[in-house]
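Next up, work.cif (mmCIF, N, CA and C atoms):
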```
data_structure
loop_
_atom_site.label_atom_id
_atom_site.label_comp_id
_atom_site.auth_asym_id
_atom_site.auth_seq_id
_atom_site.Cartn_x
_atom_site.Cartn_y
_atom_site.Cartn_z
N MET A 1 19.16 -38.11 -0.82
CA MET A 1 19.07 -37.96 -2.26
C MET A 1 18.01 -36.93 -2.60
N LYS A 2 18.30 -36.21 -3.61
CA LYS A 2 17.34 -35.23 -4.11
C LYS A 2 16.32 -35.91 -5.01
N ALA A 3 15.09 -35.41 -4.93
CA ALA A 3 14.07 -35.93 -5.83
C ALA A 3 14.31 -35.34 -7.22
N ALA A 4 14.22 -36.18 -8.20
CA ALA A 4 14.45 -35.73 -9.57
C ALA A 4 13.27 -34.86 -10.02
N GLN A 5 13.59 -33.69 -10.53
CA GLN A 5 12.55 -32.81 -11.03
C GLN A 5 12.19 -33.22 -12.45
N PRO A 6 10.88 -33.24 -12.75
CA PRO A 6 10.50 -33.64 -14.12
C PRO A 6 10.93 -32.57 -15.13
N LYS A 7 11.43 -33.05 -16.23
CA LYS A 7 11.84 -32.13 -17.28
C LYS A 7 10.64 -31.77 -18.13
N GLN A 8 10.56 -30.50 -18.49
CA GLN A 8 9.47 -30.06 -19.36
C GLN A 8 9.87 -30.31 -20.80
N THR A 9 8.93 -30.80 -21.55
CA THR A 9 9.20 -31.00 -22.97
C THR A 9 9.04 -29.67 -23.68
N MET A 10 9.55 -29.60 -24.86
CA MET A 10 9.46 -28.37 -25.64
C MET A 10 8.00 -28.01 -25.92
N GLU A 11 7.17 -29.05 -26.12
CA GLU A 11 5.74 -28.80 -26.39
C GLU A 11 5.07 -28.13 -25.20
N GLU A 12 5.39 -28.57 -23.98
CA GLU A 12 4.81 -27.96 -22.78
C GLU A 12 5.27 -26.51 -22.62
N ILE A 13 6.53 -26.26 -22.91
CA ILE A 13 7.06 -24.89 -22.80
C ILE A 13 6.37 -23.98 -23.80
N VAL A 14 6.21 -24.44 -25.02
CA VAL A 14 5.55 -23.63 -26.05
C VAL A 14 4.09 -23.39 -25.69
N ARG A 15 3.40 -24.43 -25.20
CA ARG A 15 2.00 -24.29 -24.82
C ARG A 15 1.86 -23.28 -23.68
N HIS A 16 2.74 -23.36 -22.69
CA HIS A 16 2.71 -22.45 -21.55
C HIS A 16 2.97 -21.01 -22.02
N THR A 17 3.94 -20.84 -22.91
CA THR A 17 4.25 -19.52 -23.45
C THR A 17 3.09 -18.98 -24.27
N ASN A 18 2.47 -19.82 -25.06
CA ASN A 18 1.33 -19.38 -25.87
C ASN A 18 0.16 -18.94 -24.99
N LEU A 19 -0.07 -19.65 -23.89
CA LEU A 19 -1.15 -19.26 -22.98
C LEU A 19 -0.88 -17.90 -22.36
N TRP A 20 0.36 -17.67 -21.94
CA TRP A 20 0.71 -16.36 -21.38
C TRP A 20 0.58 -15.26 -22.44
N LEU A 21 1.00 -15.54 -23.65
CA LEU A 21 0.90 -14.56 -24.72
C LEU A 21 -0.55 -14.24 -25.04
N LEU A 22 -1.41 -15.26 -25.12
CA LEU A 22 -2.83 -15.05 -25.35
C LEU A 22 -3.45 -14.23 -24.22
N GLY A 23 -3.11 -14.55 -22.98
CA GLY A 23 -3.62 -13.80 -21.84
C GLY A 23 -3.19 -12.34 -21.89
N ALA A 24 -1.95 -12.08 -22.26
CA ALA A 24 -1.45 -10.71 -22.35
C ALA A 24 -2.17 -9.93 -23.45
N ILE A 25 -2.39 -10.56 -24.59
CA ILE A 25 -3.09 -9.90 -25.70
C ILE A 25 -4.53 -9.59 -25.31
N LEU A 26 -5.21 -10.56 -24.69
CA LEU A 26 -6.59 -10.33 -24.28
C LEU A 26 -6.69 -9.25 -23.20
N ALA A 27 -5.74 -9.21 -22.27
CA ALA A 27 -5.73 -8.16 -21.25
C ALA A 27 -5.50 -6.80 -21.88
N ALA A 28 -4.60 -6.72 -22.86
CA ALA A 28 -4.36 -5.45 -23.54
C ALA A 28 -5.61 -4.99 -24.30
N LEU A 29 -6.29 -5.92 -24.96
CA LEU A 29 -7.53 -5.56 -25.65
C LEU A 29 -8.60 -5.06 -24.68
N LEU A 30 -8.68 -5.68 -23.51
CA LEU A 30 -9.63 -5.24 -22.50
C LEU A 30 -9.32 -3.83 -22.02
N VAL A 31 -8.06 -3.55 -21.80
CA VAL A 31 -7.66 -2.21 -21.35
C VAL A 31 -7.97 -1.17 -22.42
N VAL A 32 -7.67 -1.46 -23.67
CA VAL A 32 -7.93 -0.52 -24.76
C VAL A 32 -9.43 -0.29 -24.94
N ALA A 33 -10.22 -1.35 -24.90
CA ALA A 33 -11.67 -1.22 -25.05
C ALA A 33 -12.27 -0.42 -23.90
N THR A 34 -11.79 -0.66 -22.69
CA THR A 34 -12.29 0.09 -21.53
C THR A 34 -11.92 1.56 -21.65
N TRP A 35 -10.69 1.84 -22.01
CA TRP A 35 -10.26 3.23 -22.18
C TRP A 35 -11.09 3.94 -23.25
N TYR A 36 -11.31 3.30 -24.38
CA TYR A 36 -12.10 3.91 -25.45
C TYR A 36 -13.54 4.13 -25.02
N SER A 37 -14.12 3.17 -24.33
CA SER A 37 -15.52 3.31 -23.88
C SER A 37 -15.67 4.47 -22.91
N VAL A 38 -14.74 4.59 -21.97
CA VAL A 38 -14.80 5.69 -21.00
C VAL A 38 -14.59 7.02 -21.70
N ALA A 39 -13.69 7.09 -22.66
CA ALA A 39 -13.43 8.34 -23.37
C ALA A 39 -14.66 8.79 -24.16
N VAL A 40 -15.33 7.87 -24.84
CA VAL A 40 -16.53 8.21 -25.60
C VAL A 40 -17.66 8.58 -24.66
N TRP A 41 -17.80 7.87 -23.55
CA TRP A 41 -18.86 8.14 -22.58
C TRP A 41 -18.73 9.53 -21.98
N GLN A 42 -17.50 9.97 -21.72
CA GLN A 42 -17.29 11.29 -21.13
C GLN A 42 -17.51 12.41 -22.13
N GLU A 43 -17.35 12.15 -23.42
CA GLU A 43 -17.50 13.18 -24.44
C GLU A 43 -18.94 13.41 -24.87
N THR A 44 -19.81 12.44 -24.67
CA THR A 44 -21.19 12.57 -25.14
C THR A 44 -22.03 13.32 -24.10
N PRO A 45 -22.98 14.12 -24.57
CA PRO A 45 -23.85 14.81 -23.62
C PRO A 45 -24.84 13.84 -22.97
N SER A 46 -25.34 14.20 -21.80
CA SER A 46 -26.27 13.31 -21.10
C SER A 46 -27.64 13.34 -21.79
N MET A 47 -28.38 12.25 -21.66
CA MET A 47 -29.69 12.15 -22.29
C MET A 47 -30.75 12.76 -21.38
N PRO A 48 -31.83 13.27 -21.96
CA PRO A 48 -32.93 13.75 -21.12
C PRO A 48 -33.62 12.60 -20.38
N PHE A 49 -34.40 12.92 -19.35
CA PHE A 49 -35.00 11.92 -18.50
C PHE A 49 -35.93 10.99 -19.27
N TYR A 50 -36.73 11.52 -20.20
CA TYR A 50 -37.69 10.66 -20.90
C TYR A 50 -36.97 9.61 -21.74
N ARG A 51 -35.82 9.93 -22.28
CA ARG A 51 -35.07 8.92 -23.04
C ARG A 51 -34.50 7.84 -22.12
N ASN A 52 -34.06 8.25 -20.94
CA ASN A 52 -33.59 7.25 -19.97
C ASN A 52 -34.74 6.35 -19.55
N ALA A 53 -35.95 6.92 -19.38
CA ALA A 53 -37.11 6.11 -18.99
C ALA A 53 -37.48 5.11 -20.09
N ILE A 54 -37.43 5.55 -21.34
CA ILE A 54 -37.72 4.66 -22.46
C ILE A 54 -36.68 3.54 -22.54
N LEU A 55 -35.42 3.89 -22.36
CA LEU A 55 -34.34 2.91 -22.39
C LEU A 55 -34.50 1.89 -21.26
N ALA A 56 -34.84 2.36 -20.07
CA ALA A 56 -35.04 1.45 -18.93
C ALA A 56 -36.24 0.54 -19.19
N GLY A 57 -37.34 1.10 -19.72
CA GLY A 57 -38.52 0.28 -20.03
C GLY A 57 -38.21 -0.79 -21.07
N ALA A 58 -37.45 -0.44 -22.08
CA ALA A 58 -37.08 -1.41 -23.12
C ALA A 58 -36.19 -2.51 -22.54
N ALA A 59 -35.26 -2.14 -21.67
CA ALA A 59 -34.38 -3.13 -21.06
C ALA A 59 -35.17 -4.09 -20.18
N ILE A 60 -36.12 -3.58 -19.40
CA ILE A 60 -36.95 -4.43 -18.55
C ILE A 60 -37.81 -5.35 -19.40
N LEU A 61 -38.41 -4.81 -20.48
CA LEU A 61 -39.24 -5.62 -21.36
C LEU A 61 -38.44 -6.75 -22.00
N MET A 62 -37.23 -6.47 -22.44
CA MET A 62 -36.39 -7.50 -23.04
C MET A 62 -36.00 -8.56 -22.00
N LEU A 63 -35.71 -8.13 -20.78
CA LEU A 63 -35.36 -9.08 -19.73
C LEU A 63 -36.54 -10.00 -19.39
N VAL A 64 -37.73 -9.42 -19.27
CA VAL A 64 -38.92 -10.22 -18.95
C VAL A 64 -39.24 -11.19 -20.09
N SER A 65 -39.18 -10.72 -21.32
CA SER A 65 -39.50 -11.61 -22.44
C SER A 65 -38.44 -12.71 -22.59
N GLY A 66 -37.18 -12.40 -22.36
CA GLY A 66 -36.13 -13.43 -22.42
C GLY A 66 -36.31 -14.47 -21.34
N CYS A 67 -36.61 -14.03 -20.12
CA CYS A 67 -36.84 -14.99 -19.02
C CYS A 67 -38.08 -15.84 -19.30
N GLY A 68 -39.11 -15.23 -19.87
CA GLY A 68 -40.32 -15.97 -20.20
C GLY A 68 -40.06 -17.04 -21.26
N LEU A 69 -39.29 -16.70 -22.26
CA LEU A 69 -38.98 -17.68 -23.30
C LEU A 69 -38.15 -18.83 -22.76
N ILE A 70 -37.21 -18.54 -21.88
CA ILE A 70 -36.41 -19.60 -21.29
C ILE A 70 -37.28 -20.48 -20.40
N ALA A 71 -38.21 -19.86 -19.65
CA ALA A 71 -39.12 -20.64 -18.81
C ALA A 71 -39.99 -21.56 -19.68
N LEU A 72 -40.48 -21.05 -20.82
CA LEU A 72 -41.26 -21.89 -21.72
C LEU A 72 -40.43 -23.04 -22.28
N MET A 73 -39.17 -22.79 -22.53
CA MET A 73 -38.30 -23.85 -23.03
C MET A 73 -38.15 -24.95 -21.99
N PHE A 74 -37.92 -24.59 -20.73
CA PHE A 74 -37.81 -25.60 -19.68
C PHE A 74 -39.13 -26.32 -19.46
N TYR A 75 -40.24 -25.60 -19.50
CA TYR A 75 -41.56 -26.21 -19.32
C TYR A 75 -41.82 -27.23 -20.43
N SER A 76 -41.51 -26.84 -21.68
CA SER A 76 -41.72 -27.72 -22.82
C SER A 76 -40.86 -28.97 -22.70
N ARG A 77 -39.64 -28.82 -22.26
CA ARG A 77 -38.74 -29.97 -22.13
C ARG A 77 -39.22 -30.91 -21.03
N ARG A 78 -39.70 -30.39 -19.91
CA ARG A 78 -40.16 -31.23 -18.80
C ARG A 78 -41.44 -31.97 -19.12
N LYS A 79 -42.30 -31.37 -19.93
CA LYS A 79 -43.58 -32.01 -20.28
C LYS A 79 -43.42 -33.02 -21.40
N GLY A 80 -42.26 -33.09 -22.03
CA GLY A 80 -42.02 -34.08 -23.08
C GLY A 80 -42.40 -33.62 -24.47
N TYR A 81 -42.65 -32.32 -24.65
CA TYR A 81 -43.03 -31.83 -25.98
C TYR A 81 -41.85 -31.83 -26.95
N ASP A 82 -40.66 -31.93 -26.43
CA ASP A 82 -39.48 -31.90 -27.30
C ASP A 82 -38.96 -33.28 -27.65
N GLU A 83 -39.67 -34.32 -27.27
CA GLU A 83 -39.25 -35.68 -27.59
C GLU A 83 -39.40 -35.94 -29.09
N PRO A 84 -38.57 -36.81 -29.64
CA PRO A 84 -38.72 -37.14 -31.06
C PRO A 84 -40.04 -37.87 -31.30
N VAL A 85 -40.55 -37.74 -32.51
CA VAL A 85 -41.81 -38.36 -32.87
C VAL A 85 -41.63 -39.87 -32.98
N ARG A 86 -42.54 -40.62 -32.38
CA ARG A 86 -42.52 -42.07 -32.47
C ARG A 86 -43.85 -42.53 -33.05
N SER A 87 -43.78 -43.58 -33.80
CA SER A 87 -44.99 -44.10 -34.42
C SER A 87 -45.08 -45.61 -34.18
N ASP A 88 -46.31 -46.08 -33.96
CA ASP A 88 -46.51 -47.51 -33.77
C ASP A 88 -46.78 -48.22 -35.10
N ARG A 89 -46.86 -47.47 -36.16
CA ARG A 89 -47.14 -48.07 -37.47
C ARG A 89 -45.92 -48.84 -37.96
N THR A 90 -46.22 -49.84 -38.76
CA THR A 90 -45.12 -50.57 -39.39
C THR A 90 -44.75 -49.83 -40.68
N PRO A 91 -43.49 -49.81 -41.02
CA PRO A 91 -43.09 -49.09 -42.22
C PRO A 91 -43.61 -49.75 -43.49
N ARG A 92 -43.94 -48.93 -44.47
CA ARG A 92 -44.40 -49.46 -45.76
C ARG A 92 -43.24 -50.03 -46.54
N GLU A 93 -43.56 -51.02 -47.35
CA GLU A 93 -42.51 -51.63 -48.17
C GLU A 93 -42.59 -51.17 -49.58
#
```

Have the structure of the file written as structure tokens, please.
Amino acid sequence: MKAAQPKQTMEEIVRHTNLWLLGAILAALLVVATWYSVAVWQETPSMPFYRNAILAGAAILMLVSGCGLIALMFYSRRKGYDEPVRSDRTPRE
């Protein structure tokens, strides 16, 4: 005897089709954005060295400050500074 194959409901077929359609649209957008970025990059003149150095310094500074802020967030959470305020006082009536 053959094993009965499960029938797909219309909802499953539509969901599967919608996922493929979404994937195709997103892939097309990625291709268009990449093509446009490369076209603009090739048309612009190159920057002088001092501008590249300033850009690299700014990128490093932003990376260091972002990592530092995240480290402070983890430190604060581990030390209990982010816990809700608790009071031993009885509420006023």

So how far away is atom N of Asn52 in chain A from atom N of Val64 in chain A, in Å?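 Separation between atom N of Val64 in chain A and atom N of Asn52 in chain A: 18.1 Å.
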
Taking every listed atom of range 52-59 of chain A and adding 3 Å to each side, what centre and edge lengths in Å (one decimal) does the axis-aligned box have, as lines of an AutoDock Vina configuration file?
```
center_x = -36.1
center_y = 2.1
center_z = -21.0
size_x = 10.9
size_y = 18.3
size_z = 10.2
```

If I take CA of Ile70 in chain A and atom C of Arg51 in chain A, how far is one from the other in Å, to one decimal?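 Atom-to-atom, CA of Ile70 in chain A and atom C of Arg51 in chain A are spaced 27.5 Å apart.
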
As a PyMOL selection string, which residues of chain A does DSSP assign to alpha helix (DSSP H)? chain A and resi 10-43+49-79

What is the distance between CA of Tyr36 in chain A and CA of Leu21 in chain A, in Å to one decimal? 22.6 Å
